[in-house]
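The file run_16.cif comes next; it holds mmCIF, C-alpha atoms.
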data_entry
loop_
_atom_site.label_atom_id
_atom_site.label_comp_id
_atom_site.auth_asym_id
_atom_site.auth_seq_id
_atom_site.Cartn_x
_atom_site.Cartn_y
_atom_site.Cartn_z
CA MET W 1 16.71 -117.35 6.77
CA LEU W 2 13.43 -115.64 7.67
CA SER W 3 14.18 -111.93 7.48
CA PHE W 4 12.29 -109.36 9.53
CA TYR W 5 14.97 -106.78 8.75
CA PRO W 6 13.22 -103.52 7.80
CA GLY W 7 14.75 -103.43 4.34
CA PRO W 8 16.11 -105.25 2.50
CA SER W 9 13.67 -107.72 3.91
CA LYS W 10 11.77 -110.85 3.00
CA VAL W 11 11.02 -110.98 -0.72
CA HIS W 12 7.60 -112.16 -1.89
CA PRO W 13 8.03 -115.93 -2.48
CA GLU W 14 6.29 -115.59 -5.86
CA ALA W 15 9.16 -113.36 -7.03
CA LEU W 16 11.38 -116.40 -7.60
CA GLY W 17 9.02 -117.79 -10.22
CA TYR W 18 8.76 -114.41 -11.91
CA ILE W 19 12.56 -114.07 -11.98
CA GLN W 20 12.77 -117.42 -13.74
CA GLU W 21 9.97 -116.32 -16.07
CA ALA W 22 11.83 -113.10 -16.92
CA PHE W 23 14.97 -115.08 -17.72
CA GLU W 24 13.18 -117.63 -19.87
CA GLN W 25 11.27 -114.96 -21.80
CA GLY W 26 14.33 -112.77 -22.35
CA ILE W 27 12.89 -109.90 -20.29
CA VAL W 28 16.24 -109.39 -18.54
CA SER W 29 17.93 -108.67 -21.88
CA ILE W 30 15.47 -106.34 -23.61
CA ASN W 31 16.56 -102.88 -24.78
CA HIS W 32 14.94 -100.02 -22.87
CA ARG W 33 14.29 -98.22 -26.17
CA SER W 34 12.51 -101.21 -27.67
CA GLU W 35 8.79 -101.61 -28.26
CA ARG W 36 8.76 -104.61 -25.95
CA PHE W 37 10.08 -102.55 -23.05
CA GLU W 38 7.67 -99.71 -23.80
CA LYS W 39 4.74 -102.12 -23.56
CA LEU W 40 6.06 -103.52 -20.26
CA LEU W 41 6.49 -100.06 -18.74
CA GLU W 42 3.05 -98.92 -19.91
CA ALA W 43 1.45 -102.04 -18.43
CA THR W 44 3.35 -101.53 -15.15
CA PHE W 45 2.12 -97.96 -14.84
CA GLU W 46 -1.44 -99.07 -15.55
CA VAL W 47 -1.51 -101.85 -12.95
CA LEU W 48 0.07 -99.62 -10.27
CA HIS W 49 -2.47 -96.85 -10.88
CA GLN W 50 -5.28 -99.39 -10.70
CA LYS W 51 -4.19 -101.54 -7.74
CA TRP W 52 -2.72 -98.69 -5.65
CA ASN W 53 -5.45 -96.18 -6.51
CA ILE W 54 -2.88 -93.59 -7.64
CA PRO W 55 -4.62 -90.57 -9.23
CA SER W 56 -4.55 -90.79 -13.01
CA ASN W 57 -2.78 -87.43 -13.33
CA TYR W 58 0.05 -88.42 -10.98
CA ASN W 59 3.02 -89.80 -12.93
CA ILE W 60 5.25 -92.70 -11.84
CA TYR W 61 9.00 -92.76 -12.45
CA PHE W 62 11.52 -95.49 -11.71
CA VAL W 63 14.87 -94.29 -10.35
CA SER W 64 17.81 -95.99 -8.67
CA SER W 65 16.74 -95.52 -5.02
CA ALA W 66 14.79 -93.38 -2.58
CA THR W 67 18.08 -91.61 -1.82
CA GLU W 68 18.36 -90.56 -5.45
CA ALA W 69 14.75 -89.38 -5.28
CA TRP W 70 15.72 -87.07 -2.39
CA GLU W 71 18.29 -85.45 -4.67
CA ILE W 72 15.86 -85.21 -7.58
CA VAL W 73 13.45 -83.24 -5.40
CA ILE W 74 16.20 -80.81 -4.43
CA GLN W 75 17.70 -80.48 -7.90
CA SER W 76 14.50 -80.26 -9.93
CA LEU W 77 11.77 -78.86 -7.70
CA VAL W 78 13.14 -76.53 -5.00
CA ARG W 79 12.85 -72.97 -6.23
CA GLU W 80 14.86 -71.27 -3.47
CA LYS W 81 14.48 -73.06 -0.14
CA SER W 82 13.17 -76.38 1.18
CA THR W 83 11.90 -76.89 4.72
CA HIS W 84 12.57 -80.28 6.32
CA LEU W 85 10.66 -81.53 9.36
CA TYR W 86 12.10 -84.73 10.82
CA ASN W 87 12.45 -86.82 13.98
CA GLY W 88 14.81 -89.56 12.81
CA ALA W 89 18.00 -90.46 10.99
CA PHE W 90 16.62 -90.67 7.45
CA GLY W 91 14.77 -87.38 7.58
CA LYS W 92 17.97 -85.82 8.93
CA LYS W 93 19.99 -87.31 6.04
CA TRP W 94 17.58 -85.87 3.49
CA ALA W 95 17.96 -82.45 5.10
CA HIS W 96 21.75 -82.87 5.10
CA TYR W 97 21.82 -83.65 1.37
CA ALA W 98 19.79 -80.49 0.81
CA SER W 99 21.84 -78.37 3.22
CA SER W 100 22.69 -75.70 0.65
CA VAL W 101 19.00 -74.79 0.30
CA ALA W 102 17.37 -76.33 3.37
CA GLU W 103 15.91 -75.12 6.63
CA SER W 104 15.82 -78.05 9.07
CA ILE W 105 13.52 -78.49 12.06
CA GLU W 106 13.93 -81.54 14.28
CA PHE W 107 11.10 -82.63 16.58
CA SER W 108 10.67 -85.32 19.22
CA LEU W 109 9.32 -88.85 18.96
CA ASP W 110 6.18 -87.97 20.91
CA GLN W 111 5.12 -85.21 18.51
CA SER W 112 3.06 -85.49 15.36
CA LEU W 113 3.66 -83.46 12.24
CA ALA W 114 0.37 -81.66 12.91
CA GLU W 115 1.57 -80.64 16.38
CA ILE W 116 4.96 -79.40 15.23
CA SER W 117 3.37 -77.42 12.39
CA LEU W 118 1.29 -75.50 14.92
CA GLN W 119 4.43 -74.61 16.83
CA ILE W 120 6.46 -73.36 13.88
CA GLY W 121 3.71 -71.39 12.13
CA PRO W 122 4.01 -70.37 8.46
CA ILE W 123 6.40 -72.46 6.34
CA GLN W 124 8.95 -70.21 4.69
CA GLY W 125 10.27 -72.66 2.12
CA ASP W 126 8.70 -73.28 -1.27
CA THR W 127 9.04 -77.07 -0.85
CA LEU W 128 8.10 -78.88 2.37
CA CYS W 129 9.91 -82.21 2.82
CA LEU W 130 8.34 -84.72 5.20
CA VAL W 131 8.95 -88.32 6.25
CA GLN W 132 5.76 -90.37 6.51
CA SER W 133 7.59 -93.57 7.51
CA GLU W 134 10.75 -93.02 9.56
CA THR W 135 12.47 -96.38 9.32
CA SER W 136 15.10 -95.59 11.95
CA ASN W 137 12.61 -95.37 14.83
CA GLY W 138 9.30 -96.77 13.58
CA THR W 139 7.41 -93.48 13.53
CA GLY W 140 4.42 -93.21 11.19
CA GLN W 141 2.87 -89.82 10.40
CA GLN W 142 -0.40 -88.68 8.86
CA ILE W 143 0.09 -86.44 5.85
CA ARG W 144 -2.45 -83.62 5.50
CA ARG W 145 -1.78 -80.49 3.47
CA ALA W 146 -4.21 -78.51 5.63
CA ASP W 147 -1.96 -79.00 8.68
CA TYR W 148 0.58 -76.50 7.29
CA GLN W 149 0.57 -72.79 6.63
CA LEU W 150 1.94 -72.90 3.11
CA ALA W 151 2.03 -70.59 0.12
CA ASP W 152 -0.51 -71.63 -2.51
CA ASP W 153 2.20 -72.74 -4.92
CA ALA W 154 4.32 -74.58 -2.33
CA LEU W 155 5.04 -78.26 -2.91
CA ILE W 156 4.94 -81.10 -0.38
CA ALA W 157 7.38 -84.00 -0.92
CA VAL W 158 7.02 -87.14 1.21
CA ASP W 159 9.38 -90.01 1.92
CA ALA W 160 7.23 -93.13 2.28
CA THR W 161 10.09 -95.59 1.91
CA SER W 162 8.90 -98.06 4.54
CA SER W 163 5.17 -97.81 3.87
CA MET W 164 4.56 -97.48 0.12
CA GLY W 165 2.97 -100.70 -1.07
CA GLY W 166 2.03 -101.74 2.46
CA ILE W 167 -0.60 -99.20 3.46
CA GLU W 168 -2.86 -96.78 1.66
CA LEU W 169 -1.34 -93.34 1.19
CA PRO W 170 -3.24 -90.05 0.74
CA TRP W 171 -1.76 -89.29 -2.68
CA ASN W 172 -3.58 -85.98 -3.16
CA GLU W 173 -2.23 -84.57 0.12
CA ALA W 174 1.28 -84.24 -1.36
CA ASP W 175 2.91 -83.48 -4.70
CA VAL W 176 5.80 -85.94 -4.55
CA TRP W 177 5.95 -89.43 -3.03
CA LEU W 178 9.10 -91.52 -2.99
CA ALA W 179 10.18 -94.98 -1.83
CA SER W 180 12.51 -97.91 -2.46
CA VAL W 181 11.42 -101.38 -3.53
CA GLN W 182 13.15 -103.56 -0.91
CA LYS W 183 10.64 -102.90 1.85
CA CYS W 184 6.84 -103.14 1.47
CA ILE W 185 7.07 -103.70 -2.27
CA GLY W 186 8.86 -106.95 -1.48
CA ILE W 187 11.47 -107.39 -4.20
CA PRO W 188 15.30 -107.31 -4.05
CA ALA W 189 16.96 -103.93 -3.52
CA GLY W 190 18.12 -101.90 -6.51
CA MET W 191 15.39 -99.48 -7.54
CA GLY W 192 13.30 -96.58 -6.26
CA MET W 193 9.96 -95.03 -7.18
CA LEU W 194 9.08 -91.37 -7.57
CA ILE W 195 5.46 -90.30 -7.99
CA CYS W 196 4.73 -86.70 -9.01
CA SER W 197 1.60 -84.56 -9.24
CA PRO W 198 0.79 -82.10 -12.03
CA LYS W 199 1.80 -79.32 -9.64
CA ALA W 200 5.26 -80.85 -9.23
CA LEU W 201 5.67 -81.15 -13.00
CA ALA W 202 4.61 -77.53 -13.41
CA ARG W 203 7.33 -76.49 -10.92
CA ALA W 204 9.95 -78.49 -12.84
CA LYS W 205 8.91 -76.79 -16.08
CA GLU W 206 8.98 -73.38 -14.39
CA LEU W 207 12.53 -73.90 -13.11
CA ASN W 208 13.59 -75.56 -16.39
CA ARG W 209 16.95 -76.63 -15.00
CA ALA W 210 17.56 -79.90 -16.84
CA THR W 211 21.16 -79.88 -15.60
CA HIS W 212 21.20 -83.45 -14.30
CA TYR W 213 20.50 -86.69 -16.14
CA ASN W 214 17.70 -87.47 -13.67
CA ASP W 215 15.95 -84.09 -13.76
CA VAL W 216 12.17 -84.41 -13.58
CA LEU W 217 11.95 -82.91 -17.07
CA PHE W 218 14.04 -85.76 -18.50
CA LEU W 219 12.09 -88.31 -16.46
CA GLU W 220 8.84 -86.96 -17.86
CA GLU W 221 10.12 -86.65 -21.43
CA ASN W 222 10.99 -90.33 -21.44
CA ARG W 223 7.89 -91.43 -19.51
CA ARG W 224 5.70 -90.01 -22.27
CA LEU W 225 7.41 -92.49 -24.60
CA PHE W 226 7.13 -95.29 -22.00
CA GLN W 227 10.90 -95.26 -21.71
CA THR W 228 13.42 -94.27 -19.05
CA GLN W 229 16.21 -91.70 -19.20
CA MET W 230 18.84 -94.31 -18.32
CA THR W 231 19.17 -98.07 -18.70
CA PRO W 232 16.81 -99.20 -15.94
CA ASN W 233 16.51 -102.21 -13.67
CA VAL W 234 14.24 -104.03 -16.10
CA LEU W 235 14.00 -107.12 -13.89
CA SER W 236 12.69 -105.07 -10.95
CA ILE W 237 10.15 -103.34 -13.16
CA TYR W 238 8.97 -106.74 -14.38
CA LEU W 239 8.73 -108.07 -10.83
CA ILE W 240 6.64 -105.08 -9.75
CA TYR W 241 4.39 -105.58 -12.76
CA ARG W 242 3.81 -109.30 -12.17
CA LEU W 243 3.51 -109.06 -8.38
CA THR W 244 1.10 -106.13 -8.51
CA GLN W 245 -1.02 -108.11 -10.97
CA GLN W 246 -1.10 -111.08 -8.61
CA LEU W 247 -1.35 -109.39 -5.20
CA PRO W 248 -4.58 -107.95 -3.74
CA SER W 249 -5.44 -104.28 -4.10
CA LEU W 250 -3.61 -101.87 -1.82
CA SER W 251 -6.77 -101.35 0.23
CA GLU W 252 -6.88 -105.10 0.96
CA THR W 253 -3.15 -105.13 1.71
CA HIS W 254 -3.67 -102.18 4.07
CA SER W 255 -6.30 -104.14 6.02
CA ALA W 256 -3.99 -107.16 6.22
CA THR W 257 -1.12 -104.99 7.45
CA LEU W 258 -3.27 -103.64 10.27
CA ALA W 259 -4.50 -107.14 11.15
CA LYS W 260 -0.92 -108.37 11.43
CA MET W 261 -0.02 -105.32 13.48
CA LYS W 262 -2.81 -106.27 15.89
CA VAL W 263 -1.14 -109.66 16.40
CA TRP W 264 2.11 -107.91 17.21
CA THR W 265 0.41 -105.44 19.54
CA ASP W 266 -1.35 -108.20 21.46
CA PHE W 267 2.00 -109.85 22.02
CA TRP W 268 4.19 -106.86 22.89
CA ASP W 269 1.60 -105.32 25.21
CA ASN W 270 2.15 -108.33 27.49
CA GLU W 271 5.93 -108.60 27.05
CA THR W 272 7.93 -107.34 30.04
CA GLU W 273 11.50 -107.35 28.70
CA PHE W 274 10.88 -104.86 25.91
CA SER W 275 8.63 -101.85 25.30
CA TYR W 276 7.70 -99.68 22.34
CA LEU W 277 10.20 -97.01 21.35
CA ILE W 278 7.22 -94.94 20.19
CA GLU W 279 4.91 -94.71 23.20
CA ASN W 280 1.95 -93.11 21.43
CA PRO W 281 0.11 -95.82 19.42
CA ALA W 282 -1.15 -93.19 16.96
CA LEU W 283 2.44 -92.42 15.95
CA ARG W 284 3.58 -96.01 15.43
CA LEU W 285 4.29 -97.06 11.87
CA PRO W 286 2.27 -100.22 11.12
CA THR W 287 4.95 -101.56 8.79
CA VAL W 288 8.02 -101.22 11.05
CA LEU W 289 7.91 -101.97 14.77
CA ALA W 290 10.62 -100.41 16.96
CA LEU W 291 11.14 -101.90 20.43
CA THR W 292 13.49 -100.76 23.17
CA GLY W 293 15.12 -102.55 26.08
CA ALA W 294 18.38 -103.28 27.86
CA PRO W 295 21.30 -103.61 25.38
CA GLU W 296 22.31 -107.02 26.75
CA LYS W 297 18.75 -108.35 26.34
CA ILE W 298 18.58 -107.03 22.78
CA LYS W 299 21.89 -108.68 21.95
CA GLN W 300 20.64 -111.95 23.44
CA LEU W 301 17.46 -111.74 21.35
CA HIS W 302 19.42 -111.21 18.13
CA GLN W 303 21.67 -114.17 18.90
CA LEU W 304 18.71 -116.40 19.70
CA CYS W 305 16.90 -115.49 16.50
CA LEU W 306 19.99 -116.11 14.35
CA ILE W 307 20.28 -119.60 15.83
CA LYS W 308 16.70 -120.14 14.66
CA ASP W 309 17.49 -118.69 11.21
CA ILE W 310 15.52 -115.51 11.90
CA GLU W 311 16.94 -112.04 11.31
CA LEU W 312 15.69 -108.95 13.13
CA GLY W 313 16.57 -105.35 12.41
CA LYS W 314 19.17 -103.74 14.63
CA GLY W 315 18.70 -100.31 16.16
CA TYR W 316 19.64 -97.30 14.05
CA GLY W 317 21.37 -94.01 14.76
CA LYS W 318 20.99 -92.74 18.32
CA TRP W 319 18.88 -95.84 19.14
CA LYS W 320 21.45 -98.32 17.82
CA GLU W 321 22.27 -99.99 21.14
CA THR W 322 18.91 -99.62 22.88
CA SER W 323 16.40 -100.71 20.24
CA PHE W 324 15.64 -103.29 17.59
CA ARG W 325 13.22 -103.25 14.68
CA ILE W 326 10.82 -105.75 13.13
CA ALA W 327 9.42 -105.43 9.61
CA ASN W 328 5.70 -106.02 9.16
CA PHE W 329 5.64 -105.98 5.37
CA PRO W 330 3.12 -107.56 2.96
CA SER W 331 5.58 -110.39 2.28
CA HIS W 332 5.40 -111.43 5.95
CA THR W 333 2.63 -113.91 6.68
CA PHE W 334 0.73 -114.57 9.90
CA GLU W 335 2.69 -117.84 10.07
CA ASP W 336 5.98 -115.92 9.90
CA ILE W 337 4.86 -113.70 12.74
CA GLU W 338 3.79 -116.66 14.84
CA THR W 339 7.19 -118.29 14.26
CA LEU W 340 8.97 -115.26 15.66
CA ILE W 341 6.53 -114.83 18.55
CA GLN W 342 6.93 -118.45 19.60
CA THR W 343 10.71 -118.10 19.42
CA ILE W 344 10.67 -115.06 21.69
CA LYS W 345 8.04 -116.43 24.06
CA TYR W 346 9.58 -119.83 24.74
CA GLU W 347 13.28 -119.38 24.07
CA LEU W 348 14.21 -115.97 25.48
#
Here is the file; what I need is its structure written in the form of structure tokens.
Amino acid sequence: MLSFYPGPSKVHPEALGYIQEAFEQGIVSINHRSERFEKLLEATFEVLHQKWNIPSNYNIYFVSSATEAWEIVIQSLVREKSTHLYNGAFGKKWAHYASSVAESIEFSLDQSLAEISLQIGPIQGDTLCLVQSETSNGTGQQIRRADYQLADDALIAVDATSSMGGIELPWNEADVWLASVQKCIGIPAGMGMLICSPKALARAKELNRATHYNDVLFLEENRRLFQTQMTPNVLSIYLIYRLTQQLPSLSETHSATLAKMKVWTDFWDNETEFSYLIENPALRLPTVLALTGAPEKIKQLHQLCLIKDIELGKGYGKWKETSFRIANFPSHTFEDIETLIQTIKYEL
């Protein structure tokens, strides 16, 4: 099965060899308080900082999922109130989980974060929560701190679940970045990443809550020892380490993602049955395409692809019946894309 589902999606083919390697070398059985694990975690941090160009003073933590990372932001970093700007189902869920402290502002698919920030004026919350990659509808947003009227000590937290590892991200424009591994990172589901700035760590120390096992203070205390606060998904950490070693730099991956997106654009611009859910090209996420059309045509397309052992993403939330989604992740090759295009072009 060739999966274009927008997460979990196609795993990097090289991962199979690294899974076997981890089994043969006993990686899957090592203790997370052992020296061997500490060396693995240290090496993983180093290669991610290098290949992804993450600032040296931003710290990386491995957690269970991006959903858990949402809760960590709320539990550890929100002083009194968070402000959530969203235009899709996952941004709305994050706001819902934070409902006891959150102010929520929903905006339309044809608006950018910069445009909505002009409309709402000064941000009242001490933590601004944004979604850079809205998986439910294929929206991609630019993240710029200067777009918002924020207090000097306010934090910006960004969900980049469907873009981290697939495109370059402006790390210094936010204080917290979060994602899951089953999308652009290209390994099986079961782990999330949280990346925090010195400003975010200072906020955690100021609040000094430490009332949950996954509080940022506990994450940082263990990170300094190259350990984790709980027994982690060691296999996923190893896969990230080995794949990041082997794959090109994130800047090269970014260029490849845009080149593959151009292939998709050239095709869909001339397709009459379906159109983009996001009409403004500047707001389209290059790693997840969302197309809309008649429900019966979408159903027919899914059935056709399954016959050909190809899986597409179904619509999500309010667009469930009228849209479908296609992942454009680093694990997808130009040959994969051509296989799907030929299937649609000649079989539909």
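We find CA of His302 in chain W and CA of Ile337 in chain W to be spaced 15.7 Å apart.
The two atoms in question, CA of Phe62 in chain W and CA of Gly125 in chain W, are spaced 26.7 Å apart.
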Selection as a ChimeraX atom specification: residues within 12 Å of (1.0, -105.6, -9.2), counting all atoms listed in the file = /W:12,14-15,43-53,165,185-187,236-250,253
query = To one decimal place, how far is CA of Phe334 in chain W from CA of Leu306 in chain W in Å?
reply =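 Separating CA of Phe334 in chain W from CA of Leu306 in chain W is a distance of 19.8 Å.
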Closest contacts (range 290-330 of chain W/range 130-144 of chain W, max 9 Å, all atoms listed in the file) as a tab-separated table:
residue	atom	partner	partner_atom	distance
W:Ala290	CA	W:Gly138	CA	5.1
W:Leu291	CA	W:Asn137	CA	8.7
W:Gly315	CA	W:Ser136	CA	7.3
W:Tyr316	CA	W:Ser136	CA	5.3
W:Gly317	CA	W:Ser136	CA	7.1
W:Trp319	CA	W:Asn137	CA	7.6
W:Ser323	CA	W:Asn137	CA	8.5
W:Phe324	CA	W:Asn137	CA	8.9
W:Arg325	CA	W:Gly138	CA	7.7
query = Where does the PyMOL selection byres ((chain W and resi 95-98) around 8) land in this file, that is, which residues does it pick, as a ChimeraX atom specification?
reply = /W:70-71,74,82,84,91-94,99-104
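Here the question is which of W:Leu16, W:Ile326, W:Ile72, W:Leu40 gets nearest to Leu219 in chain W using all atoms listed in the file, and that residue is W:Ile72.
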ask   = the PyMOL selection byres ((chain W and resi 194-199) around 8) on the file shown: which residues, as a list in words?
value =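 Applied to this file, the PyMOL selection byres ((chain W and resi 194-199) around 8) returns Asn57, Tyr58, Asn59, Ile60, Tyr61, Phe62, Val63, Ala66, Ala69, Leu155, Ala174, Asp175, Val176, Trp177, Leu178, Ala179, Gly192, Met193, Ala200, Leu201, Ala202 and Arg203 of chain W.
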Selection from above, C-alpha atoms, as a compact mmCIF listing (two decimals), in the frame of the given file, can you write it?
# COMPACT_ATOMS: atom_id res chain seq x y z
CA ASN W 57 -2.78 -87.43 -13.33
CA TYR W 58 0.05 -88.42 -10.98
CA ASN W 59 3.02 -89.80 -12.93
CA ILE W 60 5.25 -92.70 -11.84
CA TYR W 61 9.00 -92.76 -12.45
CA PHE W 62 11.52 -95.49 -11.71
CA VAL W 63 14.87 -94.29 -10.35
CA ALA W 66 14.79 -93.38 -2.58
CA ALA W 69 14.75 -89.38 -5.28
CA LEU W 155 5.04 -78.26 -2.91
CA ALA W 174 1.28 -84.24 -1.36
CA ASP W 175 2.91 -83.48 -4.70
CA VAL W 176 5.80 -85.94 -4.55
CA TRP W 177 5.95 -89.43 -3.03
CA LEU W 178 9.10 -91.52 -2.99
CA ALA W 179 10.18 -94.98 -1.83
CA GLY W 192 13.30 -96.58 -6.26
CA MET W 193 9.96 -95.03 -7.18
CA ALA W 200 5.26 -80.85 -9.23
CA LEU W 201 5.67 -81.15 -13.00
CA ALA W 202 4.61 -77.53 -13.41
CA ARG W 203 7.33 -76.49 -10.92
message = For Thr322 in chain W, find every residue with an atom within 7 Å (counting all atoms listed in the file), except residues of its own chain fewer than 5 positions away, and show them as a list in words.
response = Thr292, Gly293, Ala294, Pro295 and Gly315 of chain W
Mind dumping range 237-302 of chain W from that block, keeping C-alpha atoms, as a PDB file, in the first residue's frame?
ATOM      1  CA  ILE W 237      14.519   8.182  18.943  1.00  0.00           C
ATOM      2  CA  TYR W 238      16.984   5.830  17.253  1.00  0.00           C
ATOM      3  CA  LEU W 239      15.116   6.058  13.951  1.00  0.00           C
ATOM      4  CA  ILE W 240      15.159   9.858  14.077  1.00  0.00           C
ATOM      5  CA  TYR W 241      18.878   9.775  14.837  1.00  0.00           C
ATOM      6  CA  ARG W 242      19.784   7.412  11.991  1.00  0.00           C
ATOM      7  CA  LEU W 243      17.424   8.956   9.424  1.00  0.00           C
ATOM      8  CA  THR W 244      18.515  12.512  10.195  1.00  0.00           C
ATOM      9  CA  GLN W 245      22.123  11.386   9.774  1.00  0.00           C
ATOM     10  CA  GLN W 246      21.332   9.880   6.380  1.00  0.00           C
ATOM     11  CA  LEU W 247      18.841  12.396   4.951  1.00  0.00           C
ATOM     12  CA  PRO W 248      19.812  15.755   3.403  1.00  0.00           C
ATOM     13  CA  SER W 249      19.787  18.945   5.437  1.00  0.00           C
ATOM     14  CA  LEU W 250      16.401  20.499   6.110  1.00  0.00           C
ATOM     15  CA  SER W 251      17.150  23.302   3.645  1.00  0.00           C
ATOM     16  CA  GLU W 252      17.647  20.700   0.890  1.00  0.00           C
ATOM     17  CA  THR W 253      14.515  18.847   1.992  1.00  0.00           C
ATOM     18  CA  HIS W 254      12.607  22.143   1.898  1.00  0.00           C
ATOM     19  CA  SER W 255      13.643  22.706  -1.723  1.00  0.00           C
ATOM     20  CA  ALA W 256      12.607  19.159  -2.640  1.00  0.00           C
ATOM     21  CA  THR W 257       9.226  19.625  -0.947  1.00  0.00           C
ATOM     22  CA  LEU W 258       8.554  22.748  -2.999  1.00  0.00           C
ATOM     23  CA  ALA W 259       9.688  21.009  -6.198  1.00  0.00           C
ATOM     24  CA  LYS W 260       7.257  18.153  -5.550  1.00  0.00           C
ATOM     25  CA  MET W 261       4.530  20.658  -4.751  1.00  0.00           C
ATOM     26  CA  LYS W 262       5.132  22.226  -8.170  1.00  0.00           C
ATOM     27  CA  VAL W 263       4.424  18.846  -9.793  1.00  0.00           C
ATOM     28  CA  TRP W 264       1.162  18.650  -7.883  1.00  0.00           C
ATOM     29  CA  THR W 265       0.229  22.222  -8.756  1.00  0.00           C
ATOM     30  CA  ASP W 266       0.869  21.680 -12.455  1.00  0.00           C
ATOM     31  CA  PHE W 267      -1.484  18.723 -12.343  1.00  0.00           C
ATOM     32  CA  TRP W 268      -4.329  20.085 -10.214  1.00  0.00           C
ATOM     33  CA  ASP W 269      -4.398  23.437 -12.014  1.00  0.00           C
ATOM     34  CA  ASN W 270      -5.583  21.527 -15.100  1.00  0.00           C
ATOM     35  CA  GLU W 271      -7.905  19.092 -13.308  1.00  0.00           C
ATOM     36  CA  THR W 272     -11.608  19.889 -13.727  1.00  0.00           C
ATOM     37  CA  GLU W 273     -13.251  17.481 -11.266  1.00  0.00           C
ATOM     38  CA  PHE W 274     -11.558  18.872  -8.172  1.00  0.00           C
ATOM     39  CA  SER W 275     -10.274  22.249  -6.958  1.00  0.00           C
ATOM     40  CA  TYR W 276      -8.172  23.505  -4.074  1.00  0.00           C
ATOM     41  CA  LEU W 277      -9.929  23.860  -0.732  1.00  0.00           C
ATOM     42  CA  ILE W 278      -7.545  26.750  -0.028  1.00  0.00           C
ATOM     43  CA  GLU W 279      -7.957  29.146  -2.942  1.00  0.00           C
ATOM     44  CA  ASN W 280      -5.065  31.474  -2.085  1.00  0.00           C
ATOM     45  CA  PRO W 281      -1.781  29.774  -3.126  1.00  0.00           C
ATOM     46  CA  ALA W 282       0.114  31.725  -0.458  1.00  0.00           C
ATOM     47  CA  LEU W 283      -1.949  30.010   2.257  1.00  0.00           C
ATOM     48  CA  ARG W 284      -1.545  26.449   0.988  1.00  0.00           C
ATOM     49  CA  LEU W 285       0.558  24.128   3.092  1.00  0.00           C
ATOM     50  CA  PRO W 286       3.252  22.574   0.855  1.00  0.00           C
ATOM     51  CA  THR W 287       3.220  19.329   2.823  1.00  0.00           C
ATOM     52  CA  VAL W 288      -0.541  18.599   2.819  1.00  0.00           C
ATOM     53  CA  LEU W 289      -2.758  19.247  -0.192  1.00  0.00           C
ATOM     54  CA  ALA W 290      -6.498  19.635   0.420  1.00  0.00           C
ATOM     55  CA  LEU W 291      -8.813  19.282  -2.585  1.00  0.00           C
ATOM     56  CA  THR W 292     -12.565  19.720  -2.751  1.00  0.00           C
ATOM     57  CA  GLY W 293     -15.225  18.351  -5.073  1.00  0.00           C
ATOM     58  CA  ALA W 294     -18.546  16.537  -5.294  1.00  0.00           C
ATOM     59  CA  PRO W 295     -18.885  13.892  -2.527  1.00  0.00           C
ATOM     60  CA  GLU W 296     -19.696  11.128  -5.030  1.00  0.00           C
ATOM     61  CA  LYS W 297     -16.585  11.954  -7.088  1.00  0.00           C
ATOM     62  CA  ILE W 298     -14.417  11.943  -3.968  1.00  0.00           C
ATOM     63  CA  LYS W 299     -15.816   8.577  -2.925  1.00  0.00           C
ATOM     64  CA  GLN W 300     -15.138   7.219  -6.423  1.00  0.00           C
ATOM     65  CA  LEU W 301     -11.543   8.488  -6.259  1.00  0.00           C
ATOM     66  CA  HIS W 302     -10.919   6.795  -2.909  1.00  0.00           C
TER      67      HIS W 302
END
